[in-house]
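The data block below is data-v9.pdb; it holds PDB, C-alpha atoms and all ligand atoms.
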ATOM      1  CA  MET A   4     -16.543  -6.439  30.409  1.00  0.00           C
ATOM      2  CA  GLN A   5     -13.078  -7.452  31.587  1.00  0.00           C
ATOM      3  CA  VAL A   6     -10.280  -5.026  30.665  1.00  0.00           C
ATOM      4  CA  LEU A   7      -6.618  -5.872  31.105  1.00  0.00           C
ATOM      5  CA  LEU A   8      -4.736  -2.650  31.796  1.00  0.00           C
ATOM      6  CA  VAL A   9      -0.998  -2.936  31.234  1.00  0.00           C
ATOM      7  CA  GLU A  10       0.508   0.189  32.797  1.00  0.00           C
ATOM      8  CA  ASP A  11       3.572   0.522  35.008  1.00  0.00           C
ATOM      9  CA  ASP A  12       2.806   3.996  36.295  1.00  0.00           C
ATOM     10  CA  GLY A  13       0.755   3.664  39.506  1.00  0.00           C
ATOM     11  CA  PRO A  14      -1.090   7.019  39.529  1.00  0.00           C
ATOM     12  CA  THR A  15      -1.949   6.719  35.815  1.00  0.00           C
ATOM     13  CA  ALA A  16      -3.219   3.170  36.352  1.00  0.00           C
ATOM     14  CA  ASP A  17      -5.348   4.202  39.363  1.00  0.00           C
ATOM     15  CA  CYS A  18      -6.830   7.077  37.454  1.00  0.00           C
ATOM     16  CA  LEU A  19      -7.665   4.852  34.473  1.00  0.00           C
ATOM     17  CA  ARG A  20      -9.107   2.149  36.663  1.00  0.00           C
ATOM     18  CA  ARG A  21     -11.415   4.619  38.422  1.00  0.00           C
ATOM     19  CA  GLY A  22     -12.455   6.198  35.138  1.00  0.00           C
ATOM     20  CA  LEU A  23     -13.168   2.858  33.472  1.00  0.00           C
ATOM     21  CA  ALA A  24     -15.083   1.614  36.521  1.00  0.00           C
ATOM     22  CA  ARG A  25     -17.424   4.599  36.191  1.00  0.00           C
ATOM     23  CA  TYR A  26     -18.360   3.284  32.746  1.00  0.00           C
ATOM     24  CA  GLY A  27     -18.901  -0.229  34.040  1.00  0.00           C
ATOM     25  CA  TYR A  28     -15.610  -1.799  32.967  1.00  0.00           C
ATOM     26  CA  ASP A  29     -13.996  -4.317  35.250  1.00  0.00           C
ATOM     27  CA  VAL A  30     -10.257  -3.596  35.259  1.00  0.00           C
ATOM     28  CA  ASP A  31      -7.448  -6.006  35.993  1.00  0.00           C
ATOM     29  CA  ARG A  32      -4.170  -4.108  36.118  1.00  0.00           C
ATOM     30  CA  VAL A  33      -0.658  -5.424  35.634  1.00  0.00           C
ATOM     31  CA  SER A  34       2.524  -3.354  35.537  1.00  0.00           C
ATOM     32  CA  THR A  35       4.872  -5.444  33.395  1.00  0.00           C
ATOM     33  CA  GLY A  36       4.862  -6.988  29.952  1.00  0.00           C
ATOM     34  CA  ARG A  37       5.588 -10.398  31.380  1.00  0.00           C
ATOM     35  CA  ALA A  38       2.574 -10.220  33.692  1.00  0.00           C
ATOM     36  CA  ALA A  39       0.427  -9.125  30.742  1.00  0.00           C
ATOM     37  CA  LEU A  40       1.488 -12.158  28.719  1.00  0.00           C
ATOM     38  CA  ALA A  41       0.822 -14.445  31.684  1.00  0.00           C
ATOM     39  CA  SER A  42      -2.698 -13.052  32.264  1.00  0.00           C
ATOM     40  CA  PRO A  43      -5.819 -14.833  31.101  1.00  0.00           C
ATOM     41  CA  LEU A  44      -7.246 -13.292  27.938  1.00  0.00           C
ATOM     42  CA  PRO A  45      -9.592 -10.405  28.773  1.00  0.00           C
ATOM     43  CA  ASP A  46     -12.293  -8.846  26.589  1.00  0.00           C
ATOM     44  CA  LEU A  47     -10.017  -5.910  25.809  1.00  0.00           C
ATOM     45  CA  VAL A  48      -6.393  -4.919  26.402  1.00  0.00           C
ATOM     46  CA  LEU A  49      -5.191  -1.387  27.107  1.00  0.00           C
ATOM     47  CA  LEU A  50      -1.456  -1.413  26.590  1.00  0.00           C
ATOM     48  CA  ASP A  51       1.144   1.154  27.590  1.00  0.00           C
ATOM     49  CA  LEU A  52       4.308   0.927  25.481  1.00  0.00           C
ATOM     50  CA  GLY A  53       6.897   2.087  28.012  1.00  0.00           C
ATOM     51  CA  LEU A  54       7.053  -0.932  30.309  1.00  0.00           C
ATOM     52  CA  PRO A  55       9.938  -1.818  32.647  1.00  0.00           C
ATOM     53  CA  ASP A  56      10.677  -5.297  31.266  1.00  0.00           C
ATOM     54  CA  ILE A  57       9.483  -5.863  27.693  1.00  0.00           C
ATOM     55  CA  ASP A  58       8.772  -3.145  25.136  1.00  0.00           C
ATOM     56  CA  GLY A  59       5.020  -2.699  24.744  1.00  0.00           C
ATOM     57  CA  LEU A  60       5.283  -3.211  20.989  1.00  0.00           C
ATOM     58  CA  ASP A  61       6.712  -6.677  21.607  1.00  0.00           C
ATOM     59  CA  VAL A  62       3.875  -7.384  24.042  1.00  0.00           C
ATOM     60  CA  CYS A  63       1.453  -6.266  21.335  1.00  0.00           C
ATOM     61  CA  ARG A  64       3.062  -8.543  18.738  1.00  0.00           C
ATOM     62  CA  GLU A  65       3.009 -11.513  21.099  1.00  0.00           C
ATOM     63  CA  LEU A  66      -0.637 -10.993  22.114  1.00  0.00           C
ATOM     64  CA  ARG A  67      -1.572 -10.745  18.457  1.00  0.00           C
ATOM     65  CA  ALA A  68       0.247 -13.938  17.623  1.00  0.00           C
ATOM     66  CA  ARG A  69      -1.952 -15.673  20.191  1.00  0.00           C
ATOM     67  CA  SER A  70      -5.354 -14.103  19.742  1.00  0.00           C
ATOM     68  CA  ASP A  71      -7.393 -11.373  18.165  1.00  0.00           C
ATOM     69  CA  VAL A  72      -8.344  -9.823  21.504  1.00  0.00           C
ATOM     70  CA  PRO A  73      -9.269  -6.155  20.956  1.00  0.00           C
ATOM     71  CA  LEU A  74      -6.193  -4.114  21.841  1.00  0.00           C
ATOM     72  CA  ILE A  75      -5.721  -0.384  22.248  1.00  0.00           C
ATOM     73  CA  VAL A  76      -2.275   1.101  22.734  1.00  0.00           C
ATOM     74  CA  ILE A  77      -2.179   3.996  25.206  1.00  0.00           C
ATOM     75  CA  SER A  78       1.128   5.705  24.958  1.00  0.00           C
ATOM     76  CA  GLY A  79       3.092   8.871  25.434  1.00  0.00           C
ATOM     77  CA  ARG A  80       4.865   8.011  22.197  1.00  0.00           C
ATOM     78  CA  GLY A  81       2.778   9.758  19.612  1.00  0.00           C
ATOM     79  CA  SER A  82       4.978   9.842  16.539  1.00  0.00           C
ATOM     80  CA  GLU A  83       3.592   8.719  13.214  1.00  0.00           C
ATOM     81  CA  THR A  84       6.175   5.938  13.094  1.00  0.00           C
ATOM     82  CA  GLU A  85       5.152   4.587  16.500  1.00  0.00           C
ATOM     83  CA  ARG A  86       1.525   4.605  15.484  1.00  0.00           C
ATOM     84  CA  VAL A  87       2.170   2.861  12.207  1.00  0.00           C
ATOM     85  CA  VAL A  88       4.300   0.222  13.905  1.00  0.00           C
ATOM     86  CA  GLY A  89       1.659  -0.315  16.601  1.00  0.00           C
ATOM     87  CA  LEU A  90      -0.991  -0.709  13.955  1.00  0.00           C
ATOM     88  CA  GLU A  91       1.067  -3.040  11.824  1.00  0.00           C
ATOM     89  CA  LEU A  92       1.656  -5.206  14.866  1.00  0.00           C
ATOM     90  CA  GLY A  93      -2.084  -5.547  15.154  1.00  0.00           C
ATOM     91  CA  ALA A  94      -3.247  -2.865  17.608  1.00  0.00           C
ATOM     92  CA  ASP A  95      -6.849  -1.888  16.908  1.00  0.00           C
ATOM     93  CA  ASP A  96      -6.309   1.694  17.952  1.00  0.00           C
ATOM     94  CA  TYR A  97      -3.681   4.000  19.368  1.00  0.00           C
ATOM     95  CA  VAL A  98      -4.430   6.697  21.919  1.00  0.00           C
ATOM     96  CA  VAL A  99      -1.769   9.236  22.811  1.00  0.00           C
ATOM     97  CA  LYS A 100      -1.369  10.457  26.404  1.00  0.00           C
ATOM     98  CA  PRO A 101      -2.653  12.700  27.748  1.00  0.00           C
ATOM     99  CA  PHE A 102      -6.225  11.970  26.706  1.00  0.00           C
ATOM    100  CA  LEU A 103      -9.672  12.496  28.143  1.00  0.00           C
ATOM    101  CA  MET A 104     -11.454   9.509  29.657  1.00  0.00           C
ATOM    102  CA  ARG A 105     -14.413  10.321  27.403  1.00  0.00           C
ATOM    103  CA  GLU A 106     -12.180   9.938  24.386  1.00  0.00           C
ATOM    104  CA  LEU A 107     -10.785   6.608  25.564  1.00  0.00           C
ATOM    105  CA  ILE A 108     -14.299   5.278  26.198  1.00  0.00           C
ATOM    106  CA  ALA A 109     -15.333   6.335  22.682  1.00  0.00           C
ATOM    107  CA  ARG A 110     -12.334   4.480  21.243  1.00  0.00           C
ATOM    108  CA  ILE A 111     -13.096   1.367  23.281  1.00  0.00           C
ATOM    109  CA  ARG A 112     -16.694   1.376  22.049  1.00  0.00           C
ATOM    110  CA  ALA A 113     -15.575   1.878  18.447  1.00  0.00           C
ATOM    111  CA  VAL A 114     -13.155  -1.048  18.691  1.00  0.00           C
ATOM    112  CA  GLN A 115     -15.903  -3.240  20.172  1.00  0.00           C
ATOM    113  CA  ARG A 116     -18.283  -2.224  17.392  1.00  0.00           C
ATOM    114  CA  ARG A 117     -15.765  -2.988  14.679  1.00  0.00           C
ATOM    115  CA  GLY A 118     -14.999  -6.292  16.367  1.00  0.00           C
ATOM    116  CA  SER A 119     -18.592  -7.381  16.100  1.00  0.00           C
ATOM    117  CA  LEU A 120     -18.842  -6.064  12.516  1.00  0.00           C
ATOM    118  CA  SER A 121     -15.909  -8.150  11.394  1.00  0.00           C
ATOM    119  CA  GLY A 122     -17.423 -11.237  12.919  1.00  0.00           C
ATOM    120  CA  ARG A 123     -15.201 -11.307  15.985  1.00  0.00           C
ATOM    121  CA  ALA A 124     -18.184 -11.536  18.265  1.00  0.00           C
ATOM    122  CA  VAL A 125     -20.218 -14.689  18.436  1.00  0.00           C
ATOM    123  CA  GLY A 126     -22.490 -14.981  15.433  1.00  0.00           C
ATOM    124  CA  PRO A 127     -23.886 -17.607  13.130  1.00  0.00           C
ATOM    125  CA  ALA A 128     -21.313 -19.694  11.317  1.00  0.00           C
ATOM    126  CA  GLU A 129     -21.062 -18.417   7.795  1.00  0.00           C
ATOM    127  CA  ASP A 130     -18.942 -20.226   5.278  1.00  0.00           C
ATOM    128  CA  ARG A 131     -18.978 -18.657   1.883  1.00  0.00           C
ATOM    129  CA  ASP A 132     -17.074 -19.245  -1.299  1.00  0.00           C
ATOM    130  CA  TYR A 133     -15.676 -16.482  -3.429  1.00  0.00           C
ATOM    131  CA  GLY A 134     -14.171 -18.166  -6.459  1.00  0.00           C
ATOM    132  CA  SER A 135     -11.450 -20.426  -5.122  1.00  0.00           C
ATOM    133  CA  LEU A 136     -11.569 -18.704  -1.710  1.00  0.00           C
ATOM    134  CA  THR A 137     -13.627 -19.911   1.216  1.00  0.00           C
ATOM    135  CA  LEU A 138     -14.180 -17.607   4.159  1.00  0.00           C
ATOM    136  CA  ASP A 139     -15.156 -18.982   7.535  1.00  0.00           C
ATOM    137  CA  ARG A 140     -16.025 -15.804   9.384  1.00  0.00           C
ATOM    138  CA  ARG A 141     -16.751 -17.297  12.737  1.00  0.00           C
ATOM    139  CA  ALA A 142     -13.499 -19.213  12.934  1.00  0.00           C
ATOM    140  CA  HIS A 143     -11.572 -16.403  11.219  1.00  0.00           C
ATOM    141  CA  ARG A 144     -10.132 -18.775   8.667  1.00  0.00           C
ATOM    142  CA  VAL A 145      -9.550 -18.486   4.955  1.00  0.00           C
ATOM    143  CA  PHE A 146      -8.986 -21.304   2.513  1.00  0.00           C
ATOM    144  CA  LEU A 147      -7.572 -21.072  -0.975  1.00  0.00           C
ATOM    145  CA  ASP A 148      -8.458 -24.108  -3.082  1.00  0.00           C
ATOM    146  CA  GLY A 149      -9.086 -25.944   0.172  1.00  0.00           C
ATOM    147  CA  SER A 150      -5.747 -25.083   1.818  1.00  0.00           C
ATOM    148  CA  GLU A 151      -5.733 -22.718   4.738  1.00  0.00           C
ATOM    149  CA  VAL A 152      -4.041 -19.356   4.268  1.00  0.00           C
ATOM    150  CA  LEU A 153      -2.851 -17.716   7.480  1.00  0.00           C
ATOM    151  CA  LEU A 154      -3.931 -14.101   7.722  1.00  0.00           C
ATOM    152  CA  ARG A 155      -3.230 -11.635  10.487  1.00  0.00           C
ATOM    153  CA  PRO A 156      -6.361 -10.322  12.245  1.00  0.00           C
ATOM    154  CA  LYS A 157      -6.334  -6.985  10.412  1.00  0.00           C
ATOM    155  CA  GLU A 158      -5.737  -8.671   7.082  1.00  0.00           C
ATOM    156  CA  PHE A 159      -8.744 -10.878   7.774  1.00  0.00           C
ATOM    157  CA  ALA A 160     -10.889  -7.896   8.790  1.00  0.00           C
ATOM    158  CA  LEU A 161      -9.867  -6.033   5.631  1.00  0.00           C
ATOM    159  CA  LEU A 162     -10.639  -9.057   3.464  1.00  0.00           C
ATOM    160  CA  VAL A 163     -14.070  -9.488   5.058  1.00  0.00           C
ATOM    161  CA  PHE A 164     -14.834  -5.824   4.551  1.00  0.00           C
ATOM    162  CA  LEU A 165     -13.771  -5.919   0.885  1.00  0.00           C
ATOM    163  CA  VAL A 166     -15.672  -9.087   0.013  1.00  0.00           C
ATOM    164  CA  ASP A 167     -18.792  -7.512   1.496  1.00  0.00           C
ATOM    165  CA  GLN A 168     -18.413  -4.718  -1.078  1.00  0.00           C
ATOM    166  CA  LEU A 169     -17.376  -7.010  -3.901  1.00  0.00           C
ATOM    167  CA  GLY A 170     -17.006  -5.146  -7.196  1.00  0.00           C
ATOM    168  CA  GLU A 171     -17.657  -1.762  -5.597  1.00  0.00           C
ATOM    169  CA  LEU A 172     -15.173   1.048  -5.452  1.00  0.00           C
ATOM    170  CA  VAL A 173     -14.462   1.560  -1.755  1.00  0.00           C
ATOM    171  CA  THR A 174     -12.717   4.714  -0.617  1.00  0.00           C
ATOM    172  CA  ARG A 175      -9.647   4.636   1.568  1.00  0.00           C
ATOM    173  CA  GLU A 176     -11.508   6.696   4.151  1.00  0.00           C
ATOM    174  CA  ARG A 177     -14.329   4.199   4.403  1.00  0.00           C
ATOM    175  CA  ILE A 178     -11.905   1.327   4.780  1.00  0.00           C
ATOM    176  CA  MET A 179      -9.926   3.169   7.454  1.00  0.00           C
ATOM    177  CA  GLU A 180     -13.088   4.085   9.355  1.00  0.00           C
ATOM    178  CA  THR A 181     -14.421   0.569   9.339  1.00  0.00           C
ATOM    179  CA  VAL A 182     -11.368  -1.624   9.653  1.00  0.00           C
ATOM    180  CA  TRP A 183      -9.253   0.810  11.656  1.00  0.00           C
ATOM    181  CA  ASP A 184     -10.178   4.113  13.218  1.00  0.00           C
ATOM    182  CA  SER A 185      -9.734   7.101  10.984  1.00  0.00           C
ATOM    183  CA  ASN A 186      -9.676   9.587  13.867  1.00  0.00           C
ATOM    184  CA  TRP A 187      -6.204   8.868  15.021  1.00  0.00           C
ATOM    185  CA  PHE A 188      -4.465   8.133  11.800  1.00  0.00           C
ATOM    186  CA  GLY A 189      -2.673  10.634   9.605  1.00  0.00           C
ATOM    187  CA  SER A 190      -1.807   8.520   6.597  1.00  0.00           C
ATOM    188  CA  THR A 191      -3.190   5.359   5.074  1.00  0.00           C
ATOM    189  CA  ARG A 192       0.185   3.754   4.412  1.00  0.00           C
ATOM    190  CA  THR A 193      -0.706   0.832   6.618  1.00  0.00           C
ATOM    191  CA  LEU A 194      -3.702   0.136   4.381  1.00  0.00           C
ATOM    192  CA  ASP A 195      -1.331  -0.301   1.438  1.00  0.00           C
ATOM    193  CA  VAL A 196       0.790  -2.651   3.536  1.00  0.00           C
ATOM    194  CA  HIS A 197      -2.257  -4.792   4.304  1.00  0.00           C
ATOM    195  CA  VAL A 198      -3.500  -4.749   0.710  1.00  0.00           C
ATOM    196  CA  ALA A 199      -0.047  -5.868  -0.437  1.00  0.00           C
ATOM    197  CA  ALA A 200      -0.147  -8.714   2.108  1.00  0.00           C
ATOM    198  CA  LEU A 201      -3.566  -9.870   0.871  1.00  0.00           C
ATOM    199  CA  ARG A 202      -2.419  -9.703  -2.732  1.00  0.00           C
ATOM    200  CA  SER A 203       0.630 -11.759  -1.998  1.00  0.00           C
ATOM    201  CA  LYS A 204      -1.178 -14.341   0.141  1.00  0.00           C
ATOM    202  CA  LEU A 205      -4.341 -14.651  -1.955  1.00  0.00           C
ATOM    203  CA  GLY A 206      -3.077 -13.291  -5.266  1.00  0.00           C
ATOM    204  CA  GLY A 207      -4.347 -16.147  -7.382  1.00  0.00           C
ATOM    205  CA  ALA A 208      -7.909 -15.795  -6.200  1.00  0.00           C
ATOM    206  CA  LEU A 209      -8.414 -12.070  -5.863  1.00  0.00           C
ATOM    207  CA  SER A 210      -7.812  -8.901  -7.718  1.00  0.00           C
ATOM    208  CA  ILE A 211      -7.545  -5.807  -5.567  1.00  0.00           C
ATOM    209  CA  GLU A 212      -7.626  -3.002  -8.033  1.00  0.00           C
ATOM    210  CA  CYS A 213      -6.165   0.268  -6.830  1.00  0.00           C
ATOM    211  CA  VAL A 214      -8.018   3.336  -8.075  1.00  0.00           C
ATOM    212  CA  ARG A 215      -5.425   6.010  -7.591  1.00  0.00           C
ATOM    213  CA  GLY A 216      -6.363   8.719  -5.135  1.00  0.00           C
ATOM    214  CA  VAL A 217      -9.711   7.097  -4.342  1.00  0.00           C
ATOM    215  CA  GLY A 218      -9.528   3.594  -3.022  1.00  0.00           C
ATOM    216  CA  PHE A 219      -9.815  -0.041  -3.975  1.00  0.00           C
ATOM    217  CA  ARG A 220     -12.118  -2.423  -5.794  1.00  0.00           C
ATOM    218  CA  LEU A 221     -12.115  -6.122  -5.069  1.00  0.00           C
ATOM    219  CA  GLY A 222     -12.727  -8.680  -7.744  1.00  0.00           C
ATOM    220  CA  VAL A 223     -12.744 -12.457  -7.563  1.00  0.00           C
ATOM    221  CA  ARG A 224     -11.168 -14.610 -10.201  1.00  0.00           C
ATOM    222  CA  ALA A 225     -13.062 -17.671 -11.329  1.00  0.00           C
ATOM    223  CA  PRO A 226     -11.664 -20.944 -10.013  1.00  0.00           C
ATOM    224  CA  ALA A 227      -9.317 -22.711 -12.399  1.00  0.00           C
ATOM    225  CA  GLY A 228     -10.585 -25.680 -14.337  1.00  0.00           C
ATOM    226  CA  PRO A 229     -13.819 -26.451 -16.175  1.00  0.00           C
ATOM    227  CA  VAL A 230     -16.805 -24.311 -15.253  1.00  0.00           C
TER     228      VAL A 230
HETATM  229 CA    CA B 301       4.969   3.494  31.142  1.00  0.00          CA
END

What do you get writing this file as structure tokens?
Amino acid sequence: MQVLLVEDDGPTADCLRRGLARYGYDVDRVSTGRAALASPLPDLVLLDLGLPDIDGLDVCRELRARSDVPLIVISGRGSETERVVGLELGADDYVVKPFLMRELIARIRAVQRRGSLSGRAVGPAEDRDYGSLTLDRRAHRVFLDGSEVLLRPKEFALLVFLVDQLGELVTRERIMETVWDSNWFGSTRTLDVHVAALRSKLGGALSIECVRGVGFRLGVRAPAGPV
């Protein structure tokens, strides 16, 4: 598996490269944001935030705008705000330095697992209709009454997870564990942000009922017109 390591600090990068190689990862390292954006898409990105040219969060946003490549932020900035911002920009996980190589490997594996769960990995094409919504999981596209609705990768992953539990009450913890990674995250505010985005983008077709203190329940409204 090809990992793009974006890290300006030489000793840290060498240490990570050696550690990752021991677990069979093939590491391509760059030391600037610009070089990261110019690199071919890898299987996974490890992204430091403190880069000499472009802020890592901007690199994260730009990579997300282009692809849903699995991306883990590795940063010395560990504040709640930094984590929430990283997540909202589409990072799959956020690891605070210093960390153990074992821990990083566990996070990488979890991100890969979630990627294949949400249909990011190659799988059979599966178009399904939910009321006036059509989900194309393989292409990561959603259509509302035949018109495409643009969702961010995490919004798509959340939608896929919720439609798979249609009508069920799903706890916040379960959503965080599956769509994000509960280990590193103190609050679930970002979940509310993503639910609000889905409601606003797909409001006519879905009801995402909030059960206070517990979680959410997804319902599908019948398509308009004669049944
Ligand atoms: Ca740095």

**OP:** Please check which protein, DNA or RNA residues sit within 6 Å of ligand CA 301 (chain B), counting only C-alpha atoms and all ligand atoms, and write them as a PyMOL selection string.
**Re:** chain A and resi 10-12+51+53-54

Original post:
When the PyMOL selection byres (((chain A and resi 34-44) around 12) and not hetatm) is applied to the file above, which residues end up in the set, as a ChimeraX atom specification?
Top reply: /A:4-17,31-33,45-74

Subject >> Spatial sel., origin (-8.7, -20.5, 0.7), limit 12 Å, all atoms listed in the file, listed as a count of residues only >> reply: 32

Write out as lines of an AutoDock Vina configuration file an axis-aligned box for range 6-22 of chain A: all of its atoms listed in the file, 8 Å added on each side, centre and edge lengths in Å with one decimal.
center_x = -4.4
center_y = 0.6
center_z = 35.1
size_x = 32.0
size_y = 28.9
size_z = 24.9

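Picture a line from CA of Ile111 in chain A to CA of Val87 in chain A; it runs 18.9 Å.
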
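When CA of Gly222 in chain A is paired with CA of Gly170 in chain A, their separation reads 5.6 Å.
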
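Residue nearest Leu172 in chain A within the list A:Ala142, A:Val198, A:Ala160, A:Cys213: A:Cys213 [criterion: smallest interatomic distance, only C-alpha atoms].
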
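From CA of Arg202 in chain A back to CA of Thr174 in chain A, the distance works out to 17.8 Å.
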
Subject >> Given the PyMOL selection byres (((chain A and resi 175) around 8) and not hetatm), the residues it picks as a ChimeraX atom specification >> reply: /A:173-174,176-179,191,194,217-219

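Nearest to Thr181 in chain A of all the residues A:Arg116, A:Arg224, A:Arg141, A:Arg21 is A:Arg116, counting all atoms listed in the file.
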
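In this comparison, which uses only C-alpha atoms, the residue of A:Arg220, A:Arg25, A:Arg215, A:His197 approaching Leu169 in chain A most closely is A:Arg220.
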
Please rebuild range 138-146 of chain A with all heavy atoms and give the result as a compact mmCIF listing (two decimals), in the frame of the given file.
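File part37.txt, as written:
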# COMPACT_ATOMS: atom_id res chain seq x y z
N LEU A 138 -14.33 -18.39 2.94
CA LEU A 138 -14.18 -17.61 4.16
C LEU A 138 -15.03 -18.22 5.26
O LEU A 138 -16.24 -18.38 5.08
CB LEU A 138 -14.71 -16.20 3.90
CG LEU A 138 -13.70 -15.07 4.04
CD1 LEU A 138 -12.73 -15.14 2.87
CD2 LEU A 138 -14.43 -13.75 4.03
N ASP A 139 -14.41 -18.55 6.37
CA ASP A 139 -15.16 -18.98 7.54
C ASP A 139 -15.05 -17.84 8.55
O ASP A 139 -14.05 -17.69 9.24
CB ASP A 139 -14.53 -20.27 8.09
CG ASP A 139 -15.25 -20.76 9.35
OD1 ASP A 139 -16.01 -19.97 9.95
OD2 ASP A 139 -15.03 -21.93 9.73
N ARG A 140 -16.11 -17.03 8.59
CA ARG A 140 -16.02 -15.80 9.38
C ARG A 140 -15.97 -16.07 10.87
O ARG A 140 -15.33 -15.36 11.61
CB ARG A 140 -17.22 -14.90 9.08
CG ARG A 140 -17.19 -14.41 7.66
CD ARG A 140 -18.38 -13.53 7.39
NE ARG A 140 -18.43 -13.27 5.98
CZ ARG A 140 -18.61 -12.06 5.46
NH1 ARG A 140 -18.78 -11.04 6.25
NH2 ARG A 140 -18.65 -11.90 4.17
N ARG A 141 -16.71 -17.07 11.30
CA ARG A 141 -16.75 -17.30 12.74
C ARG A 141 -15.40 -17.80 13.25
O ARG A 141 -14.92 -17.38 14.28
CB ARG A 141 -17.86 -18.28 13.11
CG ARG A 141 -18.13 -18.23 14.60
CD ARG A 141 -19.36 -18.98 14.96
NE ARG A 141 -19.19 -20.41 14.71
CZ ARG A 141 -20.05 -21.32 15.13
NH1 ARG A 141 -21.14 -20.95 15.76
NH2 ARG A 141 -19.85 -22.59 14.87
N ALA A 142 -14.78 -18.66 12.50
CA ALA A 142 -13.50 -19.21 12.93
C ALA A 142 -12.33 -18.33 12.49
O ALA A 142 -11.19 -18.59 12.85
CB ALA A 142 -13.33 -20.62 12.38
N HIS A 143 -12.63 -17.29 11.72
CA HIS A 143 -11.57 -16.40 11.22
C HIS A 143 -10.55 -17.17 10.39
O HIS A 143 -9.34 -17.03 10.60
CB HIS A 143 -10.85 -15.71 12.39
CG HIS A 143 -11.41 -14.35 12.65
ND1 HIS A 143 -10.64 -13.31 13.08
CD2 HIS A 143 -12.66 -13.88 12.53
CE1 HIS A 143 -11.40 -12.24 13.22
NE2 HIS A 143 -12.63 -12.57 12.90
N ARG A 144 -11.06 -18.00 9.49
CA ARG A 144 -10.13 -18.77 8.67
C ARG A 144 -10.45 -18.58 7.20
O ARG A 144 -11.61 -18.39 6.83
CB ARG A 144 -10.22 -20.26 9.03
CG ARG A 144 -9.85 -20.52 10.48
CD ARG A 144 -10.10 -21.94 10.88
NE ARG A 144 -9.02 -22.81 10.42
CZ ARG A 144 -9.02 -24.13 10.59
NH1 ARG A 144 -10.04 -24.72 11.17
NH2 ARG A 144 -8.01 -24.86 10.16
N VAL A 145 -9.41 -18.66 6.40
CA VAL A 145 -9.55 -18.49 4.96
C VAL A 145 -8.87 -19.66 4.26
O VAL A 145 -7.78 -20.07 4.66
CB VAL A 145 -8.85 -17.19 4.49
CG1 VAL A 145 -9.01 -17.00 2.99
CG2 VAL A 145 -9.42 -16.00 5.22
N PHE A 146 -9.55 -20.18 3.25
CA PHE A 146 -8.99 -21.30 2.51
C PHE A 146 -8.90 -20.95 1.04
O PHE A 146 -9.82 -20.37 0.47
CB PHE A 146 -9.87 -22.54 2.69
CG PHE A 146 -10.00 -22.95 4.14
CD1 PHE A 146 -10.98 -22.38 4.95
CD2 PHE A 146 -9.12 -23.86 4.69
CE1 PHE A 146 -11.08 -22.72 6.29
CE2 PHE A 146 -9.22 -24.21 6.03
CZ PHE A 146 -10.20 -23.65 6.83
